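Participant: For reference, the file structure.cif (mmCIF, C-alpha atoms) is included below:
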```
data_my_file
loop_
_atom_site.label_atom_id
_atom_site.label_comp_id
_atom_site.auth_asym_id
_atom_site.auth_seq_id
_atom_site.Cartn_x
_atom_site.Cartn_y
_atom_site.Cartn_z
CA MET A 634 20.08 87.26 34.00
CA LYS A 635 23.64 86.40 32.94
CA GLU A 636 25.05 87.79 36.19
CA LYS A 637 22.82 85.46 38.21
CA VAL A 638 23.93 82.27 36.47
CA ARG A 639 25.36 79.64 38.83
CA PHE A 640 27.90 77.13 37.57
CA LEU A 641 27.94 73.52 38.77
CA GLY A 642 31.05 71.37 38.71
CA LEU A 643 30.39 67.64 38.91
CA ASP A 644 33.08 65.04 39.58
CA VAL A 645 31.29 61.91 38.39
CA HIS A 646 32.01 58.33 39.46
CA ALA A 647 30.11 55.09 39.02
CA GLU A 648 28.30 55.36 42.36
CA THR A 649 28.81 58.96 43.53
CA ILE A 650 28.94 62.55 42.24
CA ALA A 651 30.91 65.26 44.04
CA VAL A 652 29.15 68.60 43.53
CA ALA A 653 30.53 72.15 43.74
CA ILE A 654 28.99 75.47 42.75
CA ALA A 655 30.49 78.76 41.60
CA GLU A 656 28.26 81.63 42.71
CA PRO A 657 27.84 84.87 40.72
CA ASP A 658 29.61 86.85 43.48
CA GLY A 659 32.79 84.82 43.04
CA ALA A 660 32.45 82.29 45.87
CA VAL A 661 33.13 78.64 45.03
CA ARG A 662 31.91 76.09 47.54
CA SER A 663 31.40 72.37 47.79
CA LEU A 664 27.88 70.96 48.09
CA GLY A 665 29.06 67.52 49.17
CA THR A 666 28.59 64.15 47.51
CA ILE A 667 25.36 62.60 46.25
CA PRO A 668 24.58 59.12 44.91
CA ASN A 669 24.81 58.77 41.13
CA ARG A 670 21.08 58.11 40.80
CA MET A 671 18.39 59.99 38.92
CA GLU A 672 16.33 60.67 42.04
CA SER A 673 19.32 62.18 43.89
CA ILE A 674 20.16 64.36 40.89
CA ARG A 675 16.57 65.57 40.70
CA LYS A 676 16.55 66.51 44.39
CA MET A 677 19.86 68.38 44.04
CA VAL A 678 18.60 70.41 41.07
CA LYS A 679 15.36 71.22 42.89
CA LYS A 680 17.25 72.58 45.90
CA LEU A 681 19.43 74.83 43.73
CA GLY A 682 16.47 76.79 42.39
CA THR A 683 15.52 77.79 38.85
CA VAL A 684 17.03 75.55 36.18
CA ASP A 685 17.35 78.51 33.79
CA GLN A 686 20.08 79.92 36.03
CA LEU A 687 22.10 76.70 36.27
CA ARG A 688 24.97 75.63 34.04
CA ALA A 689 26.49 72.22 34.80
CA CYS A 690 29.62 70.48 33.56
CA TYR A 691 31.53 67.26 34.12
CA GLU A 692 34.50 65.51 32.55
CA ALA A 693 34.03 62.92 29.80
CA GLY A 694 34.81 59.46 31.10
CA PRO A 695 33.67 55.85 31.50
CA THR A 696 30.22 56.88 32.76
CA GLY A 697 29.38 58.15 29.28
CA TYR A 698 26.70 60.73 28.59
CA VAL A 699 23.95 59.40 30.87
CA LEU A 700 24.27 62.31 33.31
CA TYR A 701 24.16 64.77 30.41
CA TRP A 702 20.85 63.33 29.21
CA GLN A 703 19.45 63.21 32.75
CA LEU A 704 20.23 66.89 33.33
CA ALA A 705 18.84 67.79 29.90
CA GLU A 706 15.60 66.03 30.87
CA LEU A 707 15.44 68.24 33.98
CA GLY A 708 16.00 71.34 31.85
CA VAL A 709 19.57 72.04 33.02
CA GLU A 710 22.11 73.13 30.41
CA CYS A 711 25.11 70.82 30.68
CA ALA A 712 28.51 70.53 29.00
CA VAL A 713 30.75 67.48 28.87
CA ILE A 714 34.38 68.59 29.20
CA ALA A 715 37.53 67.21 27.57
CA PRO A 716 39.54 65.94 30.60
CA THR A 717 42.97 66.58 29.09
CA LEU A 718 42.15 70.26 28.51
CA VAL A 719 41.10 71.13 32.06
CA PRO A 720 43.53 73.79 33.42
CA MET A 721 45.80 72.58 36.23
CA LYS A 722 47.98 74.69 38.51
CA ALA A 723 51.66 73.83 38.38
CA GLY A 724 52.73 72.12 41.58
CA ASP A 725 49.18 71.23 42.66
CA ARG A 726 49.64 67.68 43.95
CA VAL A 727 46.51 67.37 46.08
CA LYS A 728 43.68 65.67 44.20
CA THR A 729 40.33 64.89 45.79
CA ASP A 730 36.80 64.63 44.45
CA ARG A 731 35.82 67.84 46.24
CA ARG A 732 38.75 69.81 44.80
CA ASP A 733 38.12 68.42 41.31
CA ALA A 734 34.47 69.50 41.44
CA GLU A 735 35.44 72.99 42.68
CA ARG A 736 38.06 73.36 39.95
CA LEU A 737 35.49 72.40 37.29
CA ALA A 738 32.97 74.93 38.62
CA ARG A 739 35.55 77.72 38.79
CA SER A 740 37.01 77.02 35.34
CA TYR A 741 33.57 76.67 33.76
CA ARG A 742 32.53 80.07 35.11
CA SER A 743 35.68 81.69 33.72
CA GLY A 744 35.23 80.04 30.30
CA ASP A 745 38.47 78.03 30.44
CA LEU A 746 36.94 74.61 29.65
CA THR A 747 36.63 72.90 26.27
CA PRO A 748 33.39 70.94 25.75
CA VAL A 749 33.22 67.82 23.61
CA TRP A 750 30.51 66.99 21.10
CA VAL A 751 27.76 64.87 22.65
CA PRO A 752 26.15 62.37 20.26
CA GLY A 753 22.44 61.69 20.21
CA ALA A 754 21.02 58.47 21.59
CA GLY A 755 20.84 56.92 18.10
CA SER A 756 24.40 57.84 17.20
CA GLU A 757 25.68 56.53 20.53
CA ALA A 758 23.85 53.22 20.05
CA LEU A 759 25.25 52.74 16.54
CA ARG A 760 28.76 53.59 17.72
CA ASP A 761 28.49 50.97 20.48
CA LEU A 762 27.44 48.38 17.91
CA VAL A 763 30.28 49.28 15.53
CA ARG A 764 32.83 49.08 18.34
CA ALA A 765 31.41 45.71 19.43
CA ARG A 766 32.06 44.44 15.91
CA GLU A 767 35.60 45.85 16.03
CA ALA A 768 36.22 44.04 19.33
CA ALA A 769 34.86 40.83 17.78
CA LYS A 770 37.29 41.16 14.86
CA GLN A 771 40.18 41.55 17.30
CA ASP A 772 39.04 38.46 19.22
CA GLN A 773 38.72 36.58 15.94
CA LEU A 774 42.31 37.48 15.04
CA ARG A 775 43.57 36.23 18.42
CA ALA A 776 41.63 32.97 18.06
CA ARG A 777 43.07 32.39 14.61
CA HIS A 778 46.58 33.10 15.86
CA ARG A 779 46.21 30.53 18.66
CA LEU A 780 45.09 27.85 16.24
CA SER A 781 47.69 28.61 13.56
CA LYS A 782 50.57 28.71 16.07
CA PHE A 783 49.39 25.43 17.59
CA LEU A 784 49.43 23.79 14.17
CA LEU A 785 52.86 25.29 13.50
CA ARG A 786 54.26 23.87 16.77
CA THR A 787 52.91 20.42 15.97
CA GLY A 788 54.31 20.38 12.43
CA GLN A 789 50.97 20.38 10.62
CA ARG A 790 50.97 21.98 7.15
CA PRO A 791 48.10 22.33 4.67
CA ALA A 792 48.51 21.22 1.07
CA LEU A 793 50.25 23.57 -1.34
CA GLY A 794 47.92 26.23 -2.71
CA VAL A 795 45.55 26.21 0.27
CA LYS A 796 45.37 29.73 1.66
CA ALA A 797 44.91 30.35 5.36
CA TRP A 798 41.36 30.78 6.69
CA THR A 799 39.65 29.86 3.44
CA LEU A 800 36.93 27.21 3.35
CA GLY A 801 39.49 24.66 2.18
CA TYR A 802 41.83 25.54 5.05
CA LEU A 803 39.11 25.13 7.70
CA THR A 804 38.02 21.83 6.12
CA TRP A 805 41.61 20.59 6.41
CA VAL A 806 41.78 21.62 10.09
CA ARG A 807 38.48 19.81 10.81
CA GLN A 808 39.82 16.60 9.26
CA LEU A 809 43.05 16.64 11.27
CA ARG A 810 43.48 14.05 14.01
CA PHE A 811 46.15 13.83 16.72
CA THR A 812 47.24 10.64 18.41
CA GLN A 813 47.67 12.42 21.74
CA VAL A 814 44.31 13.00 23.43
CA ALA A 815 45.48 16.29 24.96
CA GLN A 816 46.49 17.68 21.56
CA GLU A 817 43.23 16.55 19.98
CA SER A 818 41.28 18.34 22.71
CA THR A 819 43.37 21.47 22.12
CA ARG A 820 42.66 21.34 18.37
CA LEU A 821 38.92 21.02 18.94
CA ASP A 822 38.88 23.88 21.44
CA TYR A 823 40.86 26.26 19.21
CA LEU A 824 38.80 25.33 16.14
CA THR A 825 35.52 25.80 18.01
CA GLU A 826 36.64 29.25 19.16
CA VAL A 827 37.60 30.27 15.60
CA GLU A 828 34.20 29.16 14.28
CA HIS A 829 32.42 30.92 17.16
CA MET A 830 34.27 34.17 16.46
CA GLY A 831 33.39 33.95 12.77
CA GLU A 832 29.70 33.54 13.63
CA ARG A 833 29.91 36.44 16.09
CA VAL A 834 31.42 38.80 13.50
CA ALA A 835 28.80 37.79 10.91
CA ARG A 836 26.00 38.33 13.42
CA LEU A 837 27.24 41.81 14.35
CA GLU A 838 27.73 42.83 10.71
CA LYS A 839 24.14 41.80 9.98
CA ALA A 840 22.99 43.86 12.98
CA ILE A 841 24.93 46.88 11.68
CA ALA A 842 23.25 46.60 8.28
CA GLU A 843 19.82 46.49 9.97
CA ALA A 844 20.69 49.44 12.23
CA VAL A 845 21.67 51.59 9.25
CA LYS A 846 18.24 50.98 7.68
CA LEU A 847 16.63 52.43 10.83
CA ALA A 848 19.06 55.36 11.13
CA SER A 849 18.37 58.99 10.26
CA PRO A 850 18.24 60.02 6.56
CA GLU A 851 21.42 62.09 7.02
CA LEU A 852 23.41 59.13 8.32
CA GLN A 853 22.09 56.84 5.59
CA GLU A 854 23.11 59.40 2.96
CA VAL A 855 26.61 59.74 4.45
CA VAL A 856 27.09 55.95 4.60
CA GLN A 857 25.97 55.52 0.99
CA ASP A 858 28.10 58.35 -0.40
CA LEU A 859 31.26 57.47 1.53
CA GLN A 860 31.24 54.06 -0.16
CA ALA A 861 32.02 55.84 -3.44
CA LEU A 862 35.58 56.17 -2.13
CA ARG A 863 38.04 53.43 -2.91
CA GLY A 864 38.83 51.25 0.10
CA ILE A 865 35.66 52.19 2.01
CA ALA A 866 32.90 49.58 1.93
CA GLN A 867 29.78 49.48 4.10
CA ILE A 868 31.37 48.57 7.45
CA SER A 869 34.11 51.18 7.04
CA ALA A 870 31.58 53.83 5.99
CA VAL A 871 29.32 53.07 8.97
CA THR A 872 32.30 53.18 11.32
CA ILE A 873 33.37 56.60 10.02
CA ALA A 874 29.82 57.96 10.21
CA ALA A 875 29.27 56.58 13.73
CA GLU A 876 32.58 57.87 15.08
CA LEU A 877 32.17 61.34 13.57
CA GLY A 878 28.46 61.83 14.11
CA ASN A 879 27.64 65.13 12.42
CA ILE A 880 30.52 65.71 9.98
CA SER A 881 29.39 69.29 9.37
CA ARG A 882 30.43 70.19 12.91
CA PHE A 883 34.02 70.28 11.65
CA GLU A 884 34.77 73.66 10.11
CA GLY A 885 37.21 72.18 7.62
CA ALA A 886 39.18 69.13 6.58
CA ARG A 887 42.20 70.12 8.67
CA GLN A 888 40.09 70.16 11.81
CA LEU A 889 38.89 66.65 11.02
CA MET A 890 42.48 65.51 10.49
CA GLY A 891 43.39 66.91 13.90
CA TYR A 892 40.43 65.12 15.46
CA SER A 893 41.76 61.82 14.16
CA GLY A 894 45.19 62.36 15.72
CA ALA A 895 46.86 61.65 12.37
CA VAL A 896 48.63 65.02 12.16
CA PRO A 897 52.39 65.21 12.92
CA SER A 898 53.56 66.49 16.29
CA GLU A 899 55.72 69.60 16.30
CA ASN A 900 58.35 71.12 18.55
CA SER A 901 59.42 74.43 17.01
CA SER A 902 61.07 77.46 18.51
CA GLY A 903 62.48 80.52 16.75
CA LYS A 904 63.99 79.50 13.42
CA ARG A 905 64.04 75.83 14.40
CA LYS A 906 61.14 73.74 13.12
CA GLN A 907 60.97 70.10 14.08
CA GLN A 908 58.11 67.70 13.33
CA GLY A 909 57.80 64.25 14.81
CA SER A 910 55.47 61.27 14.67
CA ILE A 911 51.70 61.70 14.56
CA THR A 912 50.11 62.94 17.79
CA LYS A 913 47.60 60.06 18.16
CA ALA A 914 45.67 62.55 20.33
CA GLY A 915 42.36 61.78 18.70
CA ASN A 916 39.86 59.11 17.72
CA ALA A 917 41.83 55.87 17.33
CA HIS A 918 38.88 54.01 15.73
CA LEU A 919 38.60 56.61 12.96
CA ARG A 920 42.37 56.65 12.46
CA ARG A 921 42.51 52.86 12.07
CA ILE A 922 39.77 52.81 9.44
CA VAL A 923 41.29 55.50 7.20
CA VAL A 924 44.78 53.99 7.44
CA GLU A 925 43.39 50.61 6.38
CA ALA A 926 41.55 52.26 3.48
CA ALA A 927 44.71 54.15 2.47
CA TRP A 928 46.44 50.91 1.41
CA SER A 929 44.13 50.62 -1.61
CA TYR A 930 45.51 53.89 -3.05
CA ARG A 931 48.88 52.33 -3.79
CA LEU A 932 47.12 50.80 -6.83
CA ARG A 933 46.53 52.72 -10.03
CA PRO A 934 43.23 54.62 -10.27
CA GLY A 935 40.40 52.47 -11.52
CA VAL A 936 36.80 51.42 -10.87
CA GLY A 937 36.41 47.69 -10.36
CA PRO A 938 33.16 45.70 -10.21
CA ALA A 939 32.79 46.02 -6.42
CA LEU A 940 33.39 49.78 -6.41
CA ARG A 941 31.11 50.28 -9.41
CA LYS A 942 28.32 48.47 -7.58
CA ARG A 943 28.83 50.61 -4.46
CA GLN A 944 28.61 53.77 -6.55
CA GLU A 945 25.19 52.90 -7.98
CA GLY A 946 22.72 55.62 -7.03
CA VAL A 947 25.46 57.97 -5.79
CA PRO A 948 25.29 61.55 -7.20
CA GLU A 949 27.74 62.37 -9.98
CA GLU A 950 29.24 65.15 -7.86
CA ILE A 951 30.23 62.60 -5.21
CA LYS A 952 31.67 60.25 -7.83
CA GLU A 953 33.83 63.07 -9.16
CA ILE A 954 35.24 63.72 -5.68
CA ALA A 955 35.97 60.01 -5.25
CA TRP A 956 37.70 59.86 -8.66
CA LYS A 957 39.75 62.92 -7.80
CA ALA A 958 40.74 61.21 -4.53
CA GLN A 959 42.04 58.18 -6.43
CA HIS A 960 44.30 60.27 -8.65
CA ARG A 961 45.53 62.61 -5.93
CA LEU A 962 46.22 59.95 -3.28
CA HIS A 963 47.86 57.51 -5.72
CA LYS A 964 50.09 60.32 -6.97
CA ARG A 965 51.02 61.19 -3.38
CA TYR A 966 51.80 57.55 -2.61
CA MET A 967 54.06 57.22 -5.66
CA ARG A 968 55.84 60.51 -4.94
CA LEU A 969 56.60 59.57 -1.33
CA SER A 970 57.68 56.06 -2.38
CA ALA A 971 60.08 57.52 -4.94
CA ALA A 972 61.53 59.70 -2.19
CA GLY A 973 62.37 56.56 -0.20
CA LYS A 974 59.98 57.21 2.68
CA ASP A 975 59.04 54.45 5.12
CA GLN A 976 56.00 52.50 3.92
CA ARG A 977 54.07 53.00 7.17
CA LYS A 978 54.66 56.75 7.09
CA ILE A 979 53.48 56.90 3.49
CA ILE A 980 50.22 55.10 4.28
CA THR A 981 49.64 57.32 7.31
CA ALA A 982 50.12 60.43 5.16
CA VAL A 983 47.74 59.10 2.52
CA GLY A 984 45.19 58.21 5.21
CA ARG A 985 45.40 61.71 6.66
CA GLU A 986 44.73 63.24 3.25
CA LEU A 987 41.90 60.77 2.66
CA LEU A 988 40.12 62.38 5.60
CA GLY A 989 39.91 65.57 3.54
CA PHE A 990 37.84 63.75 0.93
CA VAL A 991 35.77 62.12 3.67
CA TRP A 992 34.96 65.59 4.98
CA ALA A 993 34.07 66.89 1.52
CA ILE A 994 31.73 63.98 0.76
CA GLY A 995 30.24 63.86 4.26
CA THR A 996 29.32 67.54 4.40
CA LYS A 997 27.74 67.43 0.92
CA ALA A 998 25.78 64.29 1.82
CA GLU A 999 24.43 65.84 5.02
CA ALA A 1000 23.45 69.03 3.18
CA ALA A 1001 21.67 67.05 0.46
CA ALA A 1002 19.76 65.01 3.06
CA LYS A 1003 18.63 68.16 4.86
CA LEU A 1004 17.40 69.72 1.61
CA ARG A 1005 15.31 66.63 0.83
CA MET A 1006 13.80 66.67 4.30
CA VAL A 1007 12.84 70.36 3.92
CA ALA A 1008 11.38 69.75 0.48
#
```
Could you quickly redo this structure as structure tokens?

Facilitator:
Amino acid sequence: MKEKVRFLGLDVHAETIAVAIAEPDGAVRSLGTIPNRMESIRKMVKKLGTVDQLRACYEAGPTGYVLYWQLAELGVECAVIAPTLVPMKAGDRVKTDRRDAERLARSYRSGDLTPVWVPGAGSEALRDLVRAREAAKQDQLRARHRLSKFLLRTGQRPALGVKAWTLGYLTWVRQLRFTQVAQESTRLDYLTEVEHMGERVARLEKAIAEAVKLASPELQEVVQDLQALRGIAQISAVTIAAELGNISRFEGARQLMGYSGAVPSENSSGKRKQQGSITKAGNAHLRRIVVEAAWSYRLRPGVGPALRKRQEGVPEEIKEIAWKAQHRLHKRYMRLSAAGKDQRKIITAVGRELLGFVWAIGTKAEAAAKLRMVA
């Protein structure tokens, strides 16, 4: 049966799919281009024969995992490939959809491709929601910058002691009046946008809280237990869980660190060993969250009211890991600071090590949730 398996290479675009097939006898040929529609995909699969003998692959990209789910519905085993790890011949400067599809089919048959993890429909939906909230926060920051720089240019200053973007600050901005009609219109527009962005962020955060309640028991357990860590509240915990999906798929903490792109690059040869800045070849959303959380570990270990409330109902084993993280990461921060390291490099190093504790807590939470489901 294995010798009769046929390998499909699919070069996927928004409207079209270039198809190539690698036959068991070694021949690789193009099957042309079909529309990127479910009916066309169904007809193509039907013409190729038994689905048990088909193995399809395509590169991860802006079209997402829709094709993967469509092929799975038809019974075809499919793999989504990491684009940056597809082998390329040196000097090959001719790139077409047909050649890309043939290269995928040939490389898939020879086992030279690296598949990525495909999230389930629920995980994908939650990740979209979390990223929408992140985009809203970025838009909110831009709106606030526009308003604050406008007030700075016009010489407007709040009273002493009024902190930016507090209720008192916004009340002061609402009460401002400009003699020039154009400036008054600008103030109203910038203020309206800031208020709109604040409402948008609040609406999305409420939607995230509701989505977590409807999520799988494993994800709920991970979100709850991750909040035992200092610097990781609900939104941060949901973001980590949504970006990682099944944390147990990582064999160890180092693999998770590599996935985040927070590990240092290296260019070593012979006796020479040279490390550079972090690779950033990983999940930028995950990296941002852990680096933000890492700032809290510059403070001495302690459990404040907010953290104590988040740890209610969390198993003692998880609390012990979180307490160990506080001591270890604070000690690392102080040691690197005493060595005169750059502040940004210190926080990045602490964030990278924080991922080790995230992995430890996440894997234990998933295992505990599975045991409860079996029981």

Participant: What residues come out when you apply the PyMOL selection byres ((chain A and resi 691) around 8) to this file, written as a list in words?

Facilitator: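 Here the PyMOL selection byres ((chain A and resi 691) around 8) matches Gly642, Leu643, Asp644, Val645, Ala689, Cys690, Glu692, Ala693, Ala712, Val713, Ile714 and Leu737 of chain A.
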
Participant: List the spatial neighbours of A:Leu988 as an MDAnalysis selection string - criterion: any atom at most 12 Å away, all atoms listed in the file, same-chain residues fewer than 6 positions off excluded.

Facilitator: chainID A and resid 859 862 865 873 877 880 883 885:896 919:924 926:927 955 958 962 981:982 994:995

Participant: Write out as a list of chain:residue names the residues lying within 12 Å of A:Thr812, counting only C-alpha atoms and excluding same-chain residues fewer than 6 positions away.

Facilitator: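 Residues meeting the cut-off are A:Thr787, A:Ser818, A:Arg820.
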
Participant: Closest to A:Leu704 among A:Leu641, A:Ala765, A:Lys942, A:Ser740, using all atoms listed in the file?

Facilitator: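 Selected residue with least distance to A:Leu704: A:Leu641.
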
Participant: Considering all atoms listed in the file, return as a ChimeraX atom specification whatever protein or nucleic-acid residues lie within 12 Å of A:Thr717, sequence-local ones (same chain, fewer than 4 positions apart) excluded.

Facilitator: /A:692-694,721,746-749,914-915

Participant: Translate the PyMOL selection byres ((chain A and resi 675) around 12) into a concrete residue list for this structure, as a ChimeraX atom specification.

Facilitator: /A:667-674,676-682,684,700,703-709

Participant: Applied to this file, what does the PyMOL selection byres ((chain A and resi 848) around 12) return in terms of residues, put as number ranges by chain?

Facilitator: A: 753-760, 841-847, 849-856, 871, 874-875, 878

Participant: For C-alpha atoms, I'd like the residues from the last selection saved as an mmCIF file, in the coordinates of the input.

Facilitator:
```
data_model
loop_
_atom_site.group_PDB
_atom_site.id
_atom_site.type_symbol
_atom_site.label_atom_id
_atom_site.label_comp_id
_atom_site.auth_asym_id
_atom_site.auth_seq_id
_atom_site.Cartn_x
_atom_site.Cartn_y
_atom_site.Cartn_z
ATOM 1 C CA GLY A 753 22.440 61.690 20.210
ATOM 2 C CA ALA A 754 21.020 58.470 21.590
ATOM 3 C CA GLY A 755 20.840 56.920 18.100
ATOM 4 C CA SER A 756 24.400 57.840 17.200
ATOM 5 C CA GLU A 757 25.680 56.530 20.530
ATOM 6 C CA ALA A 758 23.850 53.220 20.050
ATOM 7 C CA LEU A 759 25.250 52.740 16.540
ATOM 8 C CA ARG A 760 28.760 53.590 17.720
ATOM 9 C CA ILE A 841 24.930 46.880 11.680
ATOM 10 C CA ALA A 842 23.250 46.600 8.280
ATOM 11 C CA GLU A 843 19.820 46.490 9.970
ATOM 12 C CA ALA A 844 20.690 49.440 12.230
ATOM 13 C CA VAL A 845 21.670 51.590 9.250
ATOM 14 C CA LYS A 846 18.240 50.980 7.680
ATOM 15 C CA LEU A 847 16.630 52.430 10.830
ATOM 16 C CA SER A 849 18.370 58.990 10.260
ATOM 17 C CA PRO A 850 18.240 60.020 6.560
ATOM 18 C CA GLU A 851 21.420 62.090 7.020
ATOM 19 C CA LEU A 852 23.410 59.130 8.320
ATOM 20 C CA GLN A 853 22.090 56.840 5.590
ATOM 21 C CA GLU A 854 23.110 59.400 2.960
ATOM 22 C CA VAL A 855 26.610 59.740 4.450
ATOM 23 C CA VAL A 856 27.090 55.950 4.600
ATOM 24 C CA VAL A 871 29.320 53.070 8.970
ATOM 25 C CA ALA A 874 29.820 57.960 10.210
ATOM 26 C CA ALA A 875 29.270 56.580 13.730
ATOM 27 C CA GLY A 878 28.460 61.830 14.110
#
```

Participant: Quick check, in Å to one decimal: how far apart do atom CA of A:Val719 and atom CA of A:Arg732 lie?

Facilitator: 13.0 Å

Participant: What's the separation between atom CA of A:Gln686 and atom CA of A:Ala734, in Å to one decimal place?

Facilitator: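 It comes out at 18.6 Å.
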
Participant: One number please: atom CA of A:Glu999 to atom CA of A:Gly946, in Å, one decimal.

Facilitator: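 One can read the atom CA of A:Glu999 to atom CA of A:Gly946 distance as 15.9 Å.
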
Participant: Which residue, A:Arg777, A:Arg943, A:Arg639, A:Arg961, has the smallest gap to A:Gln860 when you use all atoms listed in the file?

Facilitator: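 The closest residue to A:Gln860 is A:Arg943.
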
Participant: With only C-alpha atoms as the counted atoms, please give the residues lying no more than 12 Å from A:His778, apart from itself and same-chain residues fewer than 6 positions off, as a list in words.

Facilitator: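 The contact residues come out as Gln771, Asp772, Leu784, Leu785, Ala797, Trp798, Tyr823, Leu824, Glu826 and Val827 of chain A.
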
Participant: So that I can see what lies close to A:Pro948, please list as a short mmCIF file (atom, residue, chain, number, x, y, z; two decimals) with C-alpha atoms, keeping the file's coordinate frame the residues with an atom at most 10 Å from it, counting all atoms listed in the file and leaving out residues fewer than 3 positions away in the same chain.

Facilitator:
```cif
data_model
loop_
_atom_site.label_atom_id
_atom_site.label_comp_id
_atom_site.auth_asym_id
_atom_site.auth_seq_id
_atom_site.Cartn_x
_atom_site.Cartn_y
_atom_site.Cartn_z
CA ASP A 858 28.10 58.35 -0.40
CA ALA A 861 32.02 55.84 -3.44
CA GLN A 944 28.61 53.77 -6.55
CA GLU A 945 25.19 52.90 -7.98
CA ILE A 951 30.23 62.60 -5.21
CA LYS A 952 31.67 60.25 -7.83
CA GLU A 953 33.83 63.07 -9.16
CA ALA A 998 25.78 64.29 1.82
#
```

Participant: From the list A:Arg688, A:Tyr701, A:Gly973, A:Thr872, which residue is nearest A:Trp750 when using only C-alpha atoms?

Facilitator: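 Of the candidates, the smallest distance to A:Trp750 is held by A:Tyr701.
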
Participant: Box for stretch 903-922 of chain A: with edges along x, y and z, all listed atoms inside and 6 Å added on each side, what are the centre and edge lengths in Å to one decimal, as JSON?

Facilitator:
```
{"center_x": 51.3, "center_y": 66.7, "center_z": 14.9, "size_x": 37.4, "size_y": 39.7, "size_z": 22.9}
```

Participant: From the list A:Gly794, A:Glu838, A:Ile654, A:Arg931, which residue is nearest A:Leu969 when using only C-alpha atoms?

Facilitator: A:Arg931

Participant: Add whatever atoms are absent from stretch 655-666 of chain A to reach N, CA and C atoms, and provide the output as a PDB file, in the coordinates of the input.

Facilitator:
```pdb
ATOM      1  N   ALA A 655      29.846  77.453  41.682  1.00  0.00           N
ATOM      2  CA  ALA A 655      30.490  78.760  41.600  1.00  0.00           C
ATOM      3  C   ALA A 655      29.395  79.811  41.541  1.00  0.00           C
ATOM      4  N   GLU A 656      29.308  80.619  42.602  1.00  0.00           N
ATOM      5  CA  GLU A 656      28.260  81.630  42.710  1.00  0.00           C
ATOM      6  C   GLU A 656      28.593  82.858  41.850  1.00  0.00           C
ATOM      7  N   PRO A 657      27.586  83.659  41.511  1.00  0.00           N
ATOM      8  CA  PRO A 657      27.840  84.870  40.720  1.00  0.00           C
ATOM      9  C   PRO A 657      28.773  85.868  41.410  1.00  0.00           C
ATOM     10  N   ASP A 658      28.790  85.875  42.760  1.00  0.00           N
ATOM     11  CA  ASP A 658      29.610  86.850  43.480  1.00  0.00           C
ATOM     12  C   ASP A 658      31.071  86.424  43.599  1.00  0.00           C
ATOM     13  N   GLY A 659      31.412  85.256  43.045  1.00  0.00           N
ATOM     14  CA  GLY A 659      32.790  84.820  43.040  1.00  0.00           C
ATOM     15  C   GLY A 659      33.096  83.673  43.982  1.00  0.00           C
ATOM     16  N   ALA A 660      32.214  83.371  44.913  1.00  0.00           N
ATOM     17  CA  ALA A 660      32.450  82.290  45.870  1.00  0.00           C
ATOM     18  C   ALA A 660      32.297  80.931  45.193  1.00  0.00           C
ATOM     19  N   VAL A 661      33.211  80.020  45.515  1.00  0.00           N
ATOM     20  CA  VAL A 661      33.130  78.640  45.030  1.00  0.00           C
ATOM     21  C   VAL A 661      33.100  77.733  46.244  1.00  0.00           C
ATOM     22  N   ARG A 662      32.047  76.933  46.348  1.00  0.00           N
ATOM     23  CA  ARG A 662      31.910  76.090  47.540  1.00  0.00           C
ATOM     24  C   ARG A 662      31.439  74.699  47.150  1.00  0.00           C
ATOM     25  N   SER A 663      31.791  73.753  48.004  1.00  0.00           N
ATOM     26  CA  SER A 663      31.400  72.370  47.790  1.00  0.00           C
ATOM     27  C   SER A 663      30.000  72.123  48.349  1.00  0.00           C
ATOM     28  N   LEU A 664      29.222  71.335  47.631  1.00  0.00           N
ATOM     29  CA  LEU A 664      27.880  70.960  48.090  1.00  0.00           C
ATOM     30  C   LEU A 664      27.834  69.517  48.562  1.00  0.00           C
ATOM     31  N   GLY A 665      29.003  68.895  48.671  1.00  0.00           N
ATOM     32  CA  GLY A 665      29.060  67.520  49.170  1.00  0.00           C
ATOM     33  C   GLY A 665      28.980  66.498  48.055  1.00  0.00           C
ATOM     34  N   THR A 666      28.645  65.281  48.443  1.00  0.00           N
ATOM     35  CA  THR A 666      28.590  64.150  47.510  1.00  0.00           C
ATOM     36  C   THR A 666      27.202  63.539  47.534  1.00  0.00           C
TER      37      THR A 666
END
```
